[in-house]
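Asks: Before I ask anything, let me first share the structure, which is written out below as structure tokens.
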Amino acid sequence: MNPYKLYLVTDDQQDLATLKFVVERAVAGGVTMVQVREKHGDVRAFIERAKAVKSVLAGTSVPLIINDRVDVALAVDADGLHLGQSDMPAVLARQLIGPNKILGLSIETDKQLQEADSLPIDYIGLSALFATPTKTNLKKHWGYEGIQMALDSTKLPIVGIGGINESNIPQLTETGIHGLALVSAICHAEDPKAATEYLLSLME
């Protein structure tokens with residue numbers, strides 16, 4: 001079972017009730033991993049959201065990943081942590097969360113990709129695969145060739161994020177990439193369960 005296959009990243013604009021609904025339905029539809037994101041810096045709110053998602057995931061085999069914040073990951077005893085390049089260094093984060101938690105790192109440049117295998121991480125988030133309206137300040141778009149190059153140059157599982165939609169999922173799956181991370185395609189779907197099932201069907 002590949003835990004990275006369909007990786008849901010939550011929308012930090014949605015209220016708690018919507019968040020729980022989305023996660024519950026998405027997991028019922030087959031999402032394999034959930035990352036809780038909170039960009040507003042309110043740690044108390046972040047912990048509350050993380051606990052809410054953790055309660056939804058209880059009894060499923062779907063790991064809970066916390067974005068950026070080691071303290072929040074520890075506070076709710078999440079299954080893992082995902083770091084960006086401006087967050088705490090991976091080596092330090094690993095010391096704090098211990099050897100058994102999942103640790104992911106966003107990779108945005110070739111240089112970062114070359115260094116990835118020497119870090120104590122479990123997977124990389126390749127960002128961004130394609131241009132997206134939400135992220136305008138990106139250094140790079142990897143595209144299909146970049147994905148292939150990344151797959152050839154690291155031993156780590158790769159989760160792609162950014163600009164993924166139903167039109168490119170079949171071709172992305174063919175590259176052999178280990179997982180695809182999605183936000184709006186699931187979070188903003190009228191029926192997140194049906195949306196998840198549909199997205200998974202495109203990956204077959």
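The way I read the labels, and the way they are meant: chains A, B, ... in the order of the structure tokens, residue 1 as the first residue of every chain, and ligand 1 as the first ligand shown, with later ones counted on from there.
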Out of region 21-174 of chain A, which residues get alpha helix (DSSP H) from DSSP, as a ChimeraX atom specification?

Replies: /A:21-29,43-57,70-75,90-97,110-116,143-153,169-174

Asks: For region 188-197 of chain A, please output as a ChimeraX atom specification all residues within 9 Å (counting only C-alpha atoms; exclusion window: fewer than 6 positions along the same chain).

Replies: /A:6,11,21-31

Asks: Just how far from CA of His82 (chain A) is CA of Ile65 (chain A), in Å to one decimal?

Replies: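 Computing the Euclidean distance for CA of Ile65 (chain A) and CA of His82 (chain A) yields 6.5 Å.
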
Asks: Give me the residues near region 84-97 of chain A as a compact mmCIF listing (two decimals) with C-alpha atoms, in the first residue's frame, where near means some atom within 9 Å (using only C-alpha atoms) and where sequence neighbours in that chain fewer than 2 positions away do not count.

Replies:
# COMPACT_ATOMS: atom_id res chain seq x y z
CA ASN A 67 2.65 21.34 7.81
CA ASP A 68 5.66 23.40 9.03
CA ARG A 69 5.13 23.32 12.78
CA VAL A 70 7.12 20.84 14.83
CA ALA A 73 3.02 17.91 15.37
CA LEU A 74 4.33 17.03 18.84
CA GLY A 80 4.45 13.12 10.67
CA LEU A 81 5.62 16.58 9.68
CA HIS A 82 6.10 18.32 6.34
CA PRO A 99 13.01 8.24 14.35
CA ASN A 100 9.54 6.78 13.81
CA LYS A 101 7.56 9.74 12.49
CA ILE A 102 7.16 10.54 8.80
CA LEU A 103 9.20 13.56 7.70
CA GLY A 104 8.68 15.24 4.34
CA LEU A 105 10.47 18.18 2.74
CA SER A 106 9.43 20.48 -0.10
CA ILE A 107 11.99 20.59 -2.90
CA GLU A 108 11.93 23.58 -5.24
CA GLN A 112 17.80 21.03 -3.03
CA LEU A 119 18.83 14.35 4.84
CA PRO A 120 16.89 12.30 7.43
CA ILE A 121 13.61 12.58 5.50
CA GLY A 125 7.31 17.15 -2.02

Asks: Which of region 9-182 of chain A end up as strand (DSSP E) when DSSP is run on this backbone - answer as a ChimeraX atom specification?

Replies: /A:9,33-36,64-67,80-83,102-107,123-127,158-161,179-182

Asks: For the selection just defined, write its residues with N, CA and C atoms to a file, as a short mmCIF file (atom, residue, chain, number, x, y, z; two decimals), in the first residue's frame.

Replies:
data_model
loop_
_atom_site.label_atom_id
_atom_site.label_comp_id
_atom_site.auth_asym_id
_atom_site.auth_seq_id
_atom_site.Cartn_x
_atom_site.Cartn_y
_atom_site.Cartn_z
N VAL A 9 -4.07 17.88 0.97
CA VAL A 9 -3.61 19.01 1.77
C VAL A 9 -4.83 19.88 2.07
N MET A 33 -3.33 9.96 2.56
CA MET A 33 -2.56 10.74 3.53
C MET A 33 -3.21 12.12 3.63
N VAL A 34 -3.15 12.72 4.83
CA VAL A 34 -3.75 14.04 5.00
C VAL A 34 -2.76 14.97 5.70
N GLN A 35 -2.53 16.12 5.07
CA GLN A 35 -1.67 17.14 5.67
C GLN A 35 -2.54 18.34 6.08
N VAL A 36 -2.42 18.71 7.35
CA VAL A 36 -3.14 19.88 7.84
C VAL A 36 -2.24 21.10 7.75
N LEU A 64 -1.68 11.28 9.58
CA LEU A 64 -1.88 12.72 9.75
C LEU A 64 -0.52 13.41 9.73
N ILE A 65 -0.35 14.34 8.79
CA ILE A 65 0.90 15.09 8.64
C ILE A 65 0.61 16.56 8.97
N ILE A 66 1.50 17.17 9.72
CA ILE A 66 1.36 18.58 10.06
C ILE A 66 2.32 19.40 9.20
N ASN A 67 1.82 20.48 8.65
CA ASN A 67 2.65 21.34 7.81
C ASN A 67 3.45 22.33 8.66
N GLY A 80 3.30 12.58 11.37
CA GLY A 80 4.45 13.12 10.67
C GLY A 80 4.38 14.63 10.52
N LEU A 81 5.40 15.14 9.84
CA LEU A 81 5.62 16.58 9.68
C LEU A 81 6.10 16.83 8.26
N HIS A 82 5.61 17.93 7.66
CA HIS A 82 6.10 18.32 6.34
C HIS A 82 6.72 19.71 6.44
N LEU A 83 7.97 19.81 6.01
CA LEU A 83 8.72 21.06 6.11
C LEU A 83 8.87 21.73 4.75
N ILE A 102 6.93 10.25 10.22
CA ILE A 102 7.16 10.54 8.80
C ILE A 102 7.64 11.99 8.68
N LEU A 103 8.72 12.20 7.92
CA LEU A 103 9.20 13.56 7.70
C LEU A 103 9.34 13.83 6.21
N GLY A 104 8.62 14.86 5.75
CA GLY A 104 8.68 15.24 4.34
C GLY A 104 9.28 16.62 4.19
N LEU A 105 9.84 16.89 3.01
CA LEU A 105 10.47 18.18 2.74
C LEU A 105 10.12 18.65 1.33
N SER A 106 9.69 19.91 1.23
CA SER A 106 9.43 20.48 -0.10
C SER A 106 10.74 20.78 -0.81
N ILE A 107 10.80 20.39 -2.07
CA ILE A 107 11.99 20.59 -2.90
C ILE A 107 11.61 21.49 -4.07
N TYR A 123 10.26 11.38 2.50
CA TYR A 123 9.76 11.63 1.15
C TYR A 123 10.02 13.09 0.80
N ILE A 124 9.95 13.41 -0.48
CA ILE A 124 10.05 14.81 -0.87
C ILE A 124 8.76 15.26 -1.54
N GLY A 125 8.44 16.53 -1.33
CA GLY A 125 7.31 17.15 -2.02
C GLY A 125 7.89 17.99 -3.14
N LEU A 126 7.69 17.55 -4.38
CA LEU A 126 8.26 18.26 -5.53
C LEU A 126 7.33 19.40 -5.90
N SER A 127 7.83 20.62 -5.77
CA SER A 127 6.98 21.81 -5.89
C SER A 127 7.63 22.83 -6.80
N ILE A 158 8.51 10.41 -4.14
CA ILE A 158 8.23 11.78 -4.54
C ILE A 158 6.72 12.02 -4.62
N VAL A 159 6.28 13.07 -3.91
CA VAL A 159 4.90 13.53 -4.02
C VAL A 159 4.92 14.84 -4.78
N GLY A 160 4.15 14.92 -5.86
CA GLY A 160 4.11 16.15 -6.64
C GLY A 160 2.99 17.05 -6.15
N ILE A 161 3.22 18.35 -6.18
CA ILE A 161 2.18 19.31 -5.82
C ILE A 161 2.26 20.52 -6.74
N GLY A 179 3.25 9.88 -5.62
CA GLY A 179 2.01 10.43 -5.11
C GLY A 179 1.73 11.80 -5.68
N LEU A 180 0.45 12.20 -5.58
CA LEU A 180 0.02 13.51 -6.03
C LEU A 180 -0.70 14.20 -4.88
N ALA A 181 -0.33 15.44 -4.63
CA ALA A 181 -0.95 16.21 -3.55
C ALA A 181 -1.95 17.20 -4.14
N LEU A 182 -3.14 17.19 -3.57
CA LEU A 182 -4.21 18.04 -4.08
C LEU A 182 -4.87 18.81 -2.96
#

Asks: I'd like the interatomic distance between CA of Lys51 (chain A) and CA of Gly162 (chain A), to a tenth of an Å.

Replies: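 Straight-line distance from CA of Lys51 (chain A) to CA of Gly162 (chain A) works out to 26.2 Å.
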
Asks: Have a look at A:Cys187, A:Leu156, A:Met1, A:Met203 and name the one nearest to Leu172 (chain A); count only C-alpha atoms.

Replies: A:Met203

Asks: In Å, rounded to a single decimal, give me how far CA of His178 (chain A) is from CA of Thr109 (chain A).

Replies: 18.8 Å

Asks: Skipping near chain neighbours, those fewer than 2 positions away, what residues fall within 10 Å of Lys20 (chain A) using only C-alpha atoms, listed as a list in words?

Replies: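 Once the adjacent positions are removed, what remains is Thr10, Gln14, Asp15, Leu16, Ala17, Thr18, Val22, Val23, Glu24, Arg25, Ala26, Arg49, Ala52, Val53, Lys54, Ser55, Val56 and Leu57 of chain A.
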